[in-house]
$ cat entry04.txt   # compact mmCIF, C-alpha atoms
# COMPACT_ATOMS: atom_id res chain seq x y z
CA MET A 1 48.22 -43.60 14.56
CA ASN A 2 50.31 -40.87 16.12
CA PHE A 3 49.12 -37.36 15.20
CA TYR A 4 50.43 -35.69 18.36
CA GLY A 5 52.14 -32.38 17.66
CA ARG A 6 51.49 -32.48 13.91
CA ASP A 7 50.32 -29.54 11.84
CA PHE A 8 47.19 -29.80 9.67
CA LEU A 9 47.99 -27.56 6.69
CA LYS A 10 46.87 -29.49 3.59
CA LEU A 11 45.70 -33.02 2.89
CA ILE A 12 48.64 -33.61 0.54
CA ASP A 13 50.62 -34.10 3.78
CA TYR A 14 48.34 -36.89 5.05
CA THR A 15 48.02 -40.51 3.93
CA PRO A 16 44.62 -41.99 3.02
CA GLU A 17 44.74 -44.08 6.20
CA GLU A 18 45.34 -40.96 8.31
CA ILE A 19 42.50 -39.07 6.62
CA GLU A 20 40.16 -42.02 7.18
CA HIS A 21 41.22 -42.25 10.82
CA LEU A 22 40.28 -38.59 11.37
CA ILE A 23 36.88 -39.16 9.76
CA LYS A 24 36.23 -42.19 11.99
CA LEU A 25 37.23 -40.11 15.01
CA ALA A 26 34.83 -37.36 13.91
CA ILE A 27 31.99 -39.90 13.64
CA LEU A 28 32.78 -41.05 17.18
CA PHE A 29 32.74 -37.48 18.50
CA LYS A 30 29.44 -36.80 16.74
CA LYS A 31 27.94 -39.84 18.47
CA LYS A 32 29.22 -38.66 21.85
CA LYS A 33 27.82 -35.18 21.21
CA LYS A 34 24.39 -36.53 20.24
CA GLU A 35 24.30 -38.80 23.29
CA GLY A 36 25.34 -35.97 25.60
CA LYS A 37 28.47 -37.80 26.74
CA ASN A 38 31.27 -35.73 28.23
CA HIS A 39 34.43 -35.70 26.10
CA ALA A 40 36.44 -32.86 27.64
CA TYR A 41 39.68 -34.77 27.13
CA LEU A 42 41.80 -31.65 26.63
CA ARG A 43 40.82 -29.76 29.76
CA GLY A 44 43.42 -27.17 30.73
CA LYS A 45 44.68 -26.57 27.19
CA ASN A 46 44.12 -23.33 25.23
CA VAL A 47 43.95 -22.52 21.53
CA ALA A 48 44.30 -19.30 19.52
CA LEU A 49 42.12 -18.71 16.45
CA VAL A 50 43.72 -16.26 14.03
CA PHE A 51 41.23 -15.07 11.42
CA GLU A 52 42.34 -12.70 8.67
CA LYS A 53 39.11 -13.61 6.85
CA ASP A 54 35.78 -13.61 8.71
CA SER A 55 33.80 -16.82 8.95
CA THR A 56 30.66 -18.39 10.40
CA ARG A 57 31.13 -22.17 10.23
CA THR A 58 34.90 -22.30 10.71
CA ARG A 59 34.91 -20.02 13.74
CA CYS A 60 31.91 -21.68 15.37
CA ALA A 61 33.26 -25.17 14.71
CA PHE A 62 36.64 -24.39 16.24
CA GLU A 63 35.15 -22.56 19.24
CA VAL A 64 32.44 -25.10 20.08
CA GLY A 65 34.79 -27.98 19.35
CA ALA A 66 37.41 -26.54 21.69
CA TYR A 67 34.84 -25.93 24.44
CA ASP A 68 33.47 -29.48 24.07
CA LEU A 69 37.02 -30.80 24.49
CA GLY A 70 37.44 -28.67 27.62
CA MET A 71 39.76 -26.04 26.17
CA GLY A 72 39.92 -22.28 26.44
CA VAL A 73 39.72 -20.20 23.25
CA THR A 74 41.05 -16.79 22.18
CA TYR A 75 39.65 -15.39 18.93
CA LEU A 76 41.81 -12.91 17.02
CA GLY A 77 39.80 -11.42 14.17
CA PRO A 78 40.94 -9.39 11.15
CA THR A 79 41.77 -6.42 13.42
CA GLY A 80 42.59 -8.45 16.53
CA SER A 81 46.31 -8.98 16.07
CA GLN A 82 49.37 -7.19 14.71
CA MET A 83 50.47 -10.13 12.55
CA GLY A 84 51.88 -8.91 9.28
CA LYS A 85 51.43 -5.27 10.29
CA LYS A 86 53.56 -4.45 13.33
CA GLU A 87 54.72 -8.00 13.99
CA SER A 88 56.08 -10.55 11.57
CA ILE A 89 54.44 -13.92 11.02
CA GLU A 90 57.57 -15.54 12.44
CA ASP A 91 57.42 -13.51 15.66
CA THR A 92 53.67 -14.00 15.99
CA ALA A 93 54.13 -17.77 15.78
CA ARG A 94 56.85 -17.73 18.44
CA VAL A 95 54.75 -15.59 20.80
CA LEU A 96 51.48 -17.48 20.40
CA SER A 97 53.10 -20.90 20.69
CA ARG A 98 54.49 -19.95 24.11
CA MET A 99 50.99 -19.12 25.35
CA TYR A 100 48.77 -21.61 23.52
CA ASP A 101 48.67 -25.34 22.83
CA GLY A 102 47.41 -24.97 19.25
CA ILE A 103 46.95 -22.22 16.64
CA GLU A 104 44.31 -22.04 13.91
CA TYR A 105 44.81 -19.74 10.91
CA ARG A 106 42.20 -18.65 8.36
CA GLY A 107 43.32 -16.15 5.78
CA PHE A 108 45.07 -15.58 2.51
CA GLY A 109 48.14 -17.28 1.02
CA GLN A 110 49.09 -20.84 1.93
CA GLU A 111 52.60 -19.53 2.56
CA VAL A 112 51.30 -17.68 5.65
CA VAL A 113 50.00 -20.78 7.42
CA GLU A 114 53.13 -22.68 6.34
CA GLU A 115 55.35 -19.99 7.88
CA LEU A 116 53.29 -19.97 11.08
CA ALA A 117 53.81 -23.72 11.33
CA LYS A 118 57.53 -23.41 10.62
CA TYR A 119 58.13 -21.16 13.63
CA SER A 120 55.44 -22.47 15.99
CA LYS A 121 56.26 -25.00 18.71
CA VAL A 122 52.63 -26.18 18.78
CA PRO A 123 50.31 -27.60 16.09
CA VAL A 124 48.98 -25.16 13.47
CA TRP A 125 45.68 -25.88 11.70
CA ASN A 126 44.61 -24.46 8.35
CA GLY A 127 41.07 -23.08 8.64
CA LEU A 128 41.22 -21.85 5.02
CA THR A 129 43.75 -20.28 2.67
CA ASN A 130 43.49 -19.11 -0.92
CA GLU A 131 44.85 -22.46 -2.07
CA PHE A 132 43.39 -25.09 0.29
CA HIS A 133 40.48 -25.77 2.65
CA PRO A 134 41.38 -29.10 4.32
CA THR A 135 39.01 -29.00 7.30
CA GLN A 136 36.07 -28.62 4.90
CA MET A 137 37.13 -31.76 3.04
CA LEU A 138 36.87 -33.98 6.10
CA ALA A 139 33.31 -32.74 6.66
CA ASP A 140 32.46 -33.36 3.00
CA ILE A 141 33.74 -36.94 3.00
CA MET A 142 32.09 -37.63 6.34
CA THR A 143 28.76 -36.43 4.90
CA ILE A 144 29.13 -38.66 1.84
CA LYS A 145 29.93 -41.65 4.07
CA GLU A 146 26.92 -40.96 6.30
CA HIS A 147 24.59 -40.82 3.30
CA PHE A 148 25.91 -43.68 1.16
CA GLY A 149 27.71 -45.80 3.78
CA GLU A 150 30.85 -45.66 1.61
CA TYR A 151 32.76 -43.17 -0.49
CA ARG A 152 35.19 -45.32 -2.47
CA GLY A 153 34.19 -45.61 -6.11
CA LYS A 154 31.70 -42.75 -5.92
CA LYS A 155 31.73 -40.01 -8.55
CA LEU A 156 31.93 -36.42 -7.32
CA VAL A 157 31.51 -33.52 -9.74
CA PHE A 158 32.58 -30.01 -8.82
CA LEU A 159 30.94 -27.31 -10.93
CA GLY A 160 32.26 -23.75 -10.95
CA ASP A 161 35.66 -22.14 -10.48
CA GLY A 162 38.00 -25.11 -10.62
CA ARG A 163 40.96 -23.08 -9.38
CA ASN A 164 39.54 -22.17 -5.97
CA ASN A 165 40.55 -23.67 -2.63
CA VAL A 166 37.54 -26.00 -2.40
CA ALA A 167 38.03 -27.44 -5.89
CA ASN A 168 41.77 -27.89 -5.24
CA SER A 169 41.14 -29.64 -1.94
CA LEU A 170 38.38 -31.86 -3.35
CA MET A 171 40.72 -33.01 -6.10
CA VAL A 172 43.35 -33.89 -3.48
CA VAL A 173 41.07 -35.76 -1.10
CA CYS A 174 39.19 -37.61 -3.84
CA SER A 175 42.39 -38.75 -5.54
CA LYS A 176 43.66 -40.09 -2.20
CA LEU A 177 40.45 -41.84 -1.12
CA GLY A 178 39.51 -43.66 -4.32
CA ILE A 179 36.73 -41.23 -5.26
CA ASN A 180 36.33 -40.37 -8.95
CA PHE A 181 36.63 -36.59 -9.28
CA VAL A 182 35.36 -34.44 -12.13
CA CYS A 183 36.22 -30.76 -12.36
CA CYS A 184 33.56 -29.16 -14.53
CA SER A 185 34.43 -25.60 -15.45
CA PRO A 186 35.60 -23.49 -18.37
CA ASN A 187 39.06 -24.60 -19.49
CA LYS A 188 40.62 -21.35 -18.28
CA LEU A 189 39.34 -22.09 -14.76
CA PHE A 190 40.75 -25.62 -14.42
CA PRO A 191 43.15 -26.20 -11.48
CA SER A 192 46.87 -25.52 -11.89
CA LYS A 193 48.77 -28.04 -14.00
CA ASP A 194 51.21 -28.68 -11.16
CA LEU A 195 48.45 -29.67 -8.74
CA ILE A 196 46.75 -31.78 -11.41
CA ARG A 197 50.00 -33.68 -12.00
CA GLU A 198 50.43 -34.29 -8.27
CA CYS A 199 46.86 -35.53 -7.89
CA GLU A 200 47.16 -37.75 -10.96
CA GLU A 201 49.98 -39.57 -9.16
CA PHE A 202 47.73 -40.04 -6.11
CA ALA A 203 44.92 -41.26 -8.38
CA LYS A 204 47.15 -43.92 -9.95
CA LYS A 205 48.29 -45.10 -6.54
CA TYR A 206 44.89 -45.13 -4.84
CA ASN A 207 42.66 -46.25 -7.73
CA SER A 208 40.68 -43.11 -8.44
CA LYS A 209 39.98 -41.24 -11.66
CA LEU A 210 40.35 -37.53 -12.46
CA GLU A 211 38.50 -35.83 -15.30
CA PHE A 212 38.31 -32.24 -16.51
CA ILE A 213 35.18 -31.54 -18.53
CA GLU A 214 33.77 -28.25 -19.80
CA ASN A 215 30.25 -29.49 -20.61
CA PRO A 216 28.08 -29.68 -17.43
CA LYS A 217 25.51 -32.08 -18.89
CA GLU A 218 28.25 -34.50 -19.87
CA ALA A 219 30.10 -34.12 -16.55
CA VAL A 220 27.20 -34.98 -14.24
CA LEU A 221 26.13 -38.22 -15.95
CA ASN A 222 26.18 -41.07 -13.40
CA ALA A 223 27.36 -38.69 -10.66
CA ASP A 224 26.75 -39.48 -7.00
CA VAL A 225 27.63 -36.02 -5.66
CA LEU A 226 27.21 -32.60 -7.26
CA TYR A 227 29.24 -29.94 -5.48
CA THR A 228 29.52 -26.22 -6.09
CA ASP A 229 30.82 -23.06 -4.45
CA VAL A 230 30.35 -19.32 -4.80
CA TRP A 231 31.56 -17.88 -8.11
CA VAL A 232 33.69 -15.16 -6.54
CA SER A 233 35.73 -16.26 -3.52
CA MET A 234 36.35 -14.23 -0.38
CA GLY A 235 39.19 -11.80 -0.92
CA GLU A 236 38.67 -11.52 -4.68
CA ASP A 237 37.81 -8.09 -6.05
CA ALA A 238 34.10 -7.40 -6.58
CA SER A 239 34.91 -5.97 -10.02
CA ILE A 240 35.22 -9.51 -11.44
CA TRP A 241 31.56 -10.44 -10.77
CA GLU A 242 30.40 -9.66 -14.33
CA GLU A 243 33.20 -11.66 -15.95
CA ARG A 244 32.72 -14.61 -13.57
CA ILE A 245 28.92 -14.65 -14.03
CA ASN A 246 29.30 -14.72 -17.81
CA LEU A 247 31.78 -17.59 -17.51
CA LEU A 248 29.97 -19.69 -14.91
CA LYS A 249 26.26 -19.14 -15.56
CA PRO A 250 26.08 -22.41 -17.57
CA TYR A 251 27.52 -24.26 -14.53
CA GLN A 252 24.69 -23.37 -12.15
CA VAL A 253 23.43 -26.49 -10.33
CA ASN A 254 19.73 -26.70 -11.13
CA LYS A 255 16.99 -29.31 -11.28
CA GLU A 256 17.89 -30.29 -14.85
CA LEU A 257 21.52 -31.03 -13.94
CA MET A 258 20.49 -32.94 -10.81
CA SER A 259 18.13 -35.05 -12.93
CA LEU A 260 21.04 -36.14 -15.13
CA ALA A 261 22.97 -37.49 -12.14
CA ASN A 262 22.13 -40.77 -10.39
CA SER A 263 18.64 -40.87 -8.89
CA ASP A 264 20.07 -40.97 -5.36
CA ALA A 265 22.68 -38.27 -5.97
CA ILE A 266 23.22 -35.63 -3.31
CA PHE A 267 24.07 -31.94 -3.49
CA LEU A 268 26.85 -30.39 -1.39
CA HIS A 269 28.03 -26.79 -0.90
CA CYS A 270 30.60 -25.51 1.60
CA LEU A 271 28.46 -22.36 2.25
CA PRO A 272 27.64 -19.52 2.27
CA SER A 273 25.47 -19.85 -0.82
CA PHE A 274 23.73 -17.34 -3.06
CA HIS A 275 20.59 -19.36 -3.74
CA ASP A 276 18.07 -16.55 -3.09
CA LEU A 277 17.84 -12.81 -2.49
CA LYS A 278 18.08 -12.91 1.30
CA THR A 279 21.64 -11.60 1.45
CA THR A 280 23.10 -8.15 0.78
CA ILE A 281 25.37 -9.47 -1.97
CA GLY A 282 22.55 -11.51 -3.48
CA LYS A 283 20.40 -8.38 -3.74
CA GLU A 284 23.26 -6.36 -5.20
CA ILE A 285 23.91 -8.99 -7.87
CA HIS A 286 20.19 -9.13 -8.69
CA ASP A 287 19.97 -5.36 -9.07
CA LYS A 288 23.06 -5.24 -11.26
CA PHE A 289 22.77 -8.41 -13.34
CA GLY A 290 19.15 -9.57 -12.88
CA LEU A 291 19.99 -12.93 -11.26
CA ASN A 292 17.69 -14.34 -8.57
CA GLU A 293 20.04 -17.28 -7.91
CA MET A 294 23.67 -17.89 -8.71
CA GLU A 295 25.75 -21.06 -8.31
CA VAL A 296 22.72 -23.15 -7.25
CA THR A 297 18.99 -22.69 -7.56
CA ASN A 298 16.87 -22.42 -4.45
CA GLU A 299 14.89 -25.44 -5.67
CA VAL A 300 17.99 -27.66 -5.46
CA PHE A 301 19.35 -26.02 -2.31
CA GLU A 302 16.11 -26.72 -0.41
CA SER A 303 15.51 -30.16 -1.92
CA LYS A 304 15.75 -33.54 -0.19
CA GLN A 305 18.91 -34.21 -2.17
CA SER A 306 20.63 -31.26 -0.52
CA LYS A 307 22.81 -32.27 2.42
CA VAL A 308 24.42 -28.87 2.95
CA PHE A 309 23.35 -28.51 6.59
CA ASP A 310 24.49 -32.03 7.50
CA GLU A 311 27.77 -31.02 5.87
CA ALA A 312 27.90 -27.74 7.82
CA GLU A 313 27.28 -29.53 11.12
CA ASN A 314 30.00 -32.02 10.35
CA ARG A 315 32.55 -29.18 10.31
CA LEU A 316 32.24 -29.22 14.11
CA HIS A 317 32.91 -32.92 14.50
CA THR A 318 35.78 -33.13 12.01
CA ILE A 319 37.53 -30.04 13.40
CA LYS A 320 37.15 -31.50 16.87
CA ALA A 321 38.81 -34.68 15.61
CA ILE A 322 41.74 -32.70 14.19
CA MET A 323 42.30 -30.77 17.42
CA PHE A 324 42.01 -33.85 19.60
CA ALA A 325 44.27 -35.98 17.42
CA THR A 326 47.07 -33.40 17.33
CA LEU A 327 46.85 -32.32 20.99
CA TYR A 328 46.04 -35.49 22.94
CA LYS A 329 49.01 -37.43 24.25

$ encode --input "entry04.txt" --output "structure tokens"
Amino acid sequence: MNFYGRDFLKLIDYTPEEIEHLIKLAILFKKKKKEGKNHAYLRGKNVALVFEKDSTRTRCAFEVGAYDLGMGVTYLGPTGSQMGKKESIEDTARVLSRMYDGIEYRGFGQEVVEELAKYSKVPVWNGLTNEFHPTQMLADIMTIKEHFGEYRGKKLVFLGDGRNNVANSLMVVCSKLGINFVCCSPNKLFPSKDLIRECEEFAKKYNSKLEFIENPKEAVLNADVLYTDVWVSMGEDASIWEERINLLKPYQVNKELMSLANSDAIFLHCLPSFHDLKTTIGKEIHDKFGLNEMEVTNEVFESKQSKVFDEAENRLHTIKAIMFATLYK
């Protein structure tokens, strides 16, 4: 398959075969990494990482992945560039693409990364936008494949805010890869009708099933994967915490919900997670609302069923696969 020079903006743009190819490539790179085999196939190339939203896993995965492939890296944090302030997105793209071989963007609206790609002469990769989180999806599917040996026909249930970028992207990737997807959230937090319609077409074509269920106990029956995310996403105003907690408290992933899923079901979370009081925000929420845990209990997060750190590690290998596939000629 020829990925050279292509952007990686959302998985809607990629066929199931292309997505599967990237996952297989990631598995190969993970094996090479574990065996200590050199794979600096992109020596001499350089990439720019443009972050309008801070990150741990995305930044580390892109930086370490680039170094492993032999590339140089420039990180431009939230105050590290003039994009959108003194310089337009269009001009930023034209400048960076004359200096770098690839550009990663993590930030706000999907329209920003789309505009960067429009004016860039080199591949642009979406590290996260308000609407989509495609690099995370490859890591998620890779983790499911590692655990079960297969992902087709599995049932994945997302519990929480069904409109956020992770839920949107899970619906896309599951509908394309033959995974049965359940969005479990209050009706008002279901994904947009336009995206649902698009994914329903994928589901028909690729033999998957989409469901939208408000009752968590009903949703998780016979599930293979329970997945959740923080209740208030990065960039949303802190004033909505009370409203979101009241809406989503019944959707917390706890031992009871896990017990209703299949006995070998696994738990996934894109991280960071508020499963204890060891974070500043976790303490603030506890002091204000009396919660010790939010979207997932510590008992589930630290259980044998939890594969969140396998999933986090796999961000490195899948992001490496994306960079290699789009830059290697």

$ atom_distance --input "entry04.txt" --atom1 "CA of Leu28 in chain A" --atom2 "CA of Val173 in chain A"
20.8 Å

$ residues_around --input "entry04.txt" --residues "Val166 in chain A" --least-positions-apart "6" --cutoff "10 Å" --atoms "all atoms listed in the file" --output "ChimeraX atom specification"
/A:128-134,136-137,158,172,227-229,233,269-270

$ residues_near_point --input "entry04.txt" --point "(29.2, -19.9, -9.0)" --cutoff "10 Å" --atoms "all atoms listed in the file" --output "list of chain:residue names"
A:Leu159, A:Gly160, A:Asp161, A:Thr228, A:Asp229, A:Val230, A:Trp231, A:Val232, A:Ser233, A:Trp241, A:Arg244, A:Ile245, A:Leu247, A:Leu248, A:Lys249, A:Pro250, A:Tyr251, A:Gln252, A:Val253, A:Ser273, A:Phe274, A:Glu293, A:Met294, A:Glu295, A:Val296

$ residues_around --input "entry04.txt" --residues "Thr79 in chain A" --least-positions-apart "6" --cutoff "12 Å" --atoms "all atoms listed in the file" --output "list of chain:residue names"
A:Val50, A:Phe51, A:Glu52, A:Lys53, A:Asp54, A:Lys85, A:Lys86

$ atom_distance --input "entry04.txt" --atom1 "CA of Ala238 in chain A" --atom2 "CA of Pro191 in chain A"
21.4 Å

$ atom_distance --input "entry04.txt" --atom1 "CA of Asp276 in chain A" --atom2 "CA of Asn292 in chain A"
5.9 Å

$ decode --input "entry04.txt" --residues "range 196-275 of chain A" --atoms "C-alpha atoms" --output "CSV table (one decimal), in the first residue's frame"
chain,number,residue,atom,x,y,z
A,196,ILE,CA,-23.9,8.5,13.0
A,197,ARG,CA,-25.4,8.4,9.5
A,198,GLU,CA,-21.9,8.2,8.0
A,199,CYS,CA,-20.9,5.5,10.3
A,200,GLU,CA,-24.1,3.5,9.7
A,201,GLU,CA,-23.1,3.4,6.1
A,202,PHE,CA,-19.7,2.0,7.0
A,203,ALA,CA,-21.3,-0.5,9.4
A,204,LYS,CA,-23.6,-1.8,6.6
A,205,LYS,CA,-20.6,-2.2,4.2
A,206,TYR,CA,-18.2,-3.8,6.7
A,207,ASN,CA,-20.6,-5.9,8.8
A,208,SER,CA,-20.6,-4.2,12.1
A,209,LYS,CA,-23.4,-3.0,14.3
A,210,LEU,CA,-23.9,0.4,16.0
A,211,GLU,CA,-26.1,0.9,19.0
A,212,PHE,CA,-27.0,3.9,21.2
A,213,ILE,CA,-28.2,2.9,24.6
A,214,GLU,CA,-28.8,5.1,27.7
A,215,ASN,CA,-28.9,2.3,30.3
A,216,PRO,CA,-25.4,1.2,31.3
A,217,LYS,CA,-26.4,-2.2,32.7
A,218,GLU,CA,-28.1,-3.0,29.4
A,219,ALA,CA,-25.3,-1.7,27.3
A,220,VAL,CA,-22.5,-3.7,28.8
A,221,LEU,CA,-24.1,-7.2,28.5
A,222,ASN,CA,-21.9,-9.5,26.5
A,223,ALA,CA,-19.3,-6.8,26.0
A,224,ASP,CA,-15.7,-7.6,25.3
A,225,VAL,CA,-14.3,-4.1,25.9
A,226,LEU,CA,-15.5,-1.3,28.2
A,227,TYR,CA,-14.1,2.0,27.3
A,228,THR,CA,-14.4,5.4,29.0
A,229,ASP,CA,-12.9,8.9,29.0
A,230,VAL,CA,-12.8,11.9,31.3
A,231,TRP,CA,-16.2,13.6,31.7
A,232,VAL,CA,-14.9,17.1,30.8
A,233,SER,CA,-12.6,17.2,27.9
A,234,MET,CA,-9.5,19.4,27.5
A,235,GLY,CA,-10.5,22.9,26.4
A,236,GLU,CA,-14.0,22.7,27.9
A,237,ASP,CA,-14.9,25.3,30.6
A,238,ALA,CA,-14.5,24.1,34.2
A,239,SER,CA,-17.9,25.6,35.0
A,240,ILE,CA,-19.6,22.6,33.4
A,241,TRP,CA,-18.2,20.0,35.9
A,242,GLU,CA,-21.3,20.0,38.1
A,243,GLU,CA,-23.7,19.5,35.1
A,244,ARG,CA,-21.5,16.8,33.6
A,245,ILE,CA,-21.1,14.9,36.9
A,246,ASN,CA,-24.8,14.9,37.4
A,247,LEU,CA,-25.3,13.6,33.9
A,248,LEU,CA,-22.6,11.0,33.8
A,249,LYS,CA,-22.3,9.6,37.4
A,250,PRO,CA,-24.5,6.6,36.5
A,251,TYR,CA,-22.0,5.8,33.6
A,252,GLN,CA,-19.0,5.3,35.9
A,253,VAL,CA,-17.2,2.1,35.0
A,254,ASN,CA,-17.1,0.1,38.3
A,255,LYS,CA,-16.8,-3.5,39.4
A,256,GLU,CA,-20.6,-4.1,39.0
A,257,LEU,CA,-20.6,-3.0,35.4
A,258,MET,CA,-17.4,-5.0,34.6
A,259,SER,CA,-19.1,-8.1,36.1
A,260,LEU,CA,-22.0,-7.7,33.6
A,261,ALA,CA,-19.7,-7.9,30.7
A,262,ASN,CA,-18.0,-11.1,29.4
A,263,SER,CA,-15.8,-12.8,31.9
A,264,ASP,CA,-12.7,-12.0,29.8
A,265,ALA,CA,-13.7,-8.4,29.1
A,266,ILE,CA,-11.0,-5.7,29.2
A,267,PHE,CA,-11.1,-2.1,30.3
A,268,LEU,CA,-9.6,0.7,28.2
A,269,HIS,CA,-9.1,4.4,28.8
A,270,CYS,CA,-7.1,6.9,26.6
A,271,LEU,CA,-5.8,8.6,29.8
A,272,PRO,CA,-5.4,10.7,31.8
A,273,SER,CA,-7.9,9.3,34.2
A,274,PHE,CA,-9.5,10.6,37.4
A,275,HIS,CA,-9.6,7.2,39.3
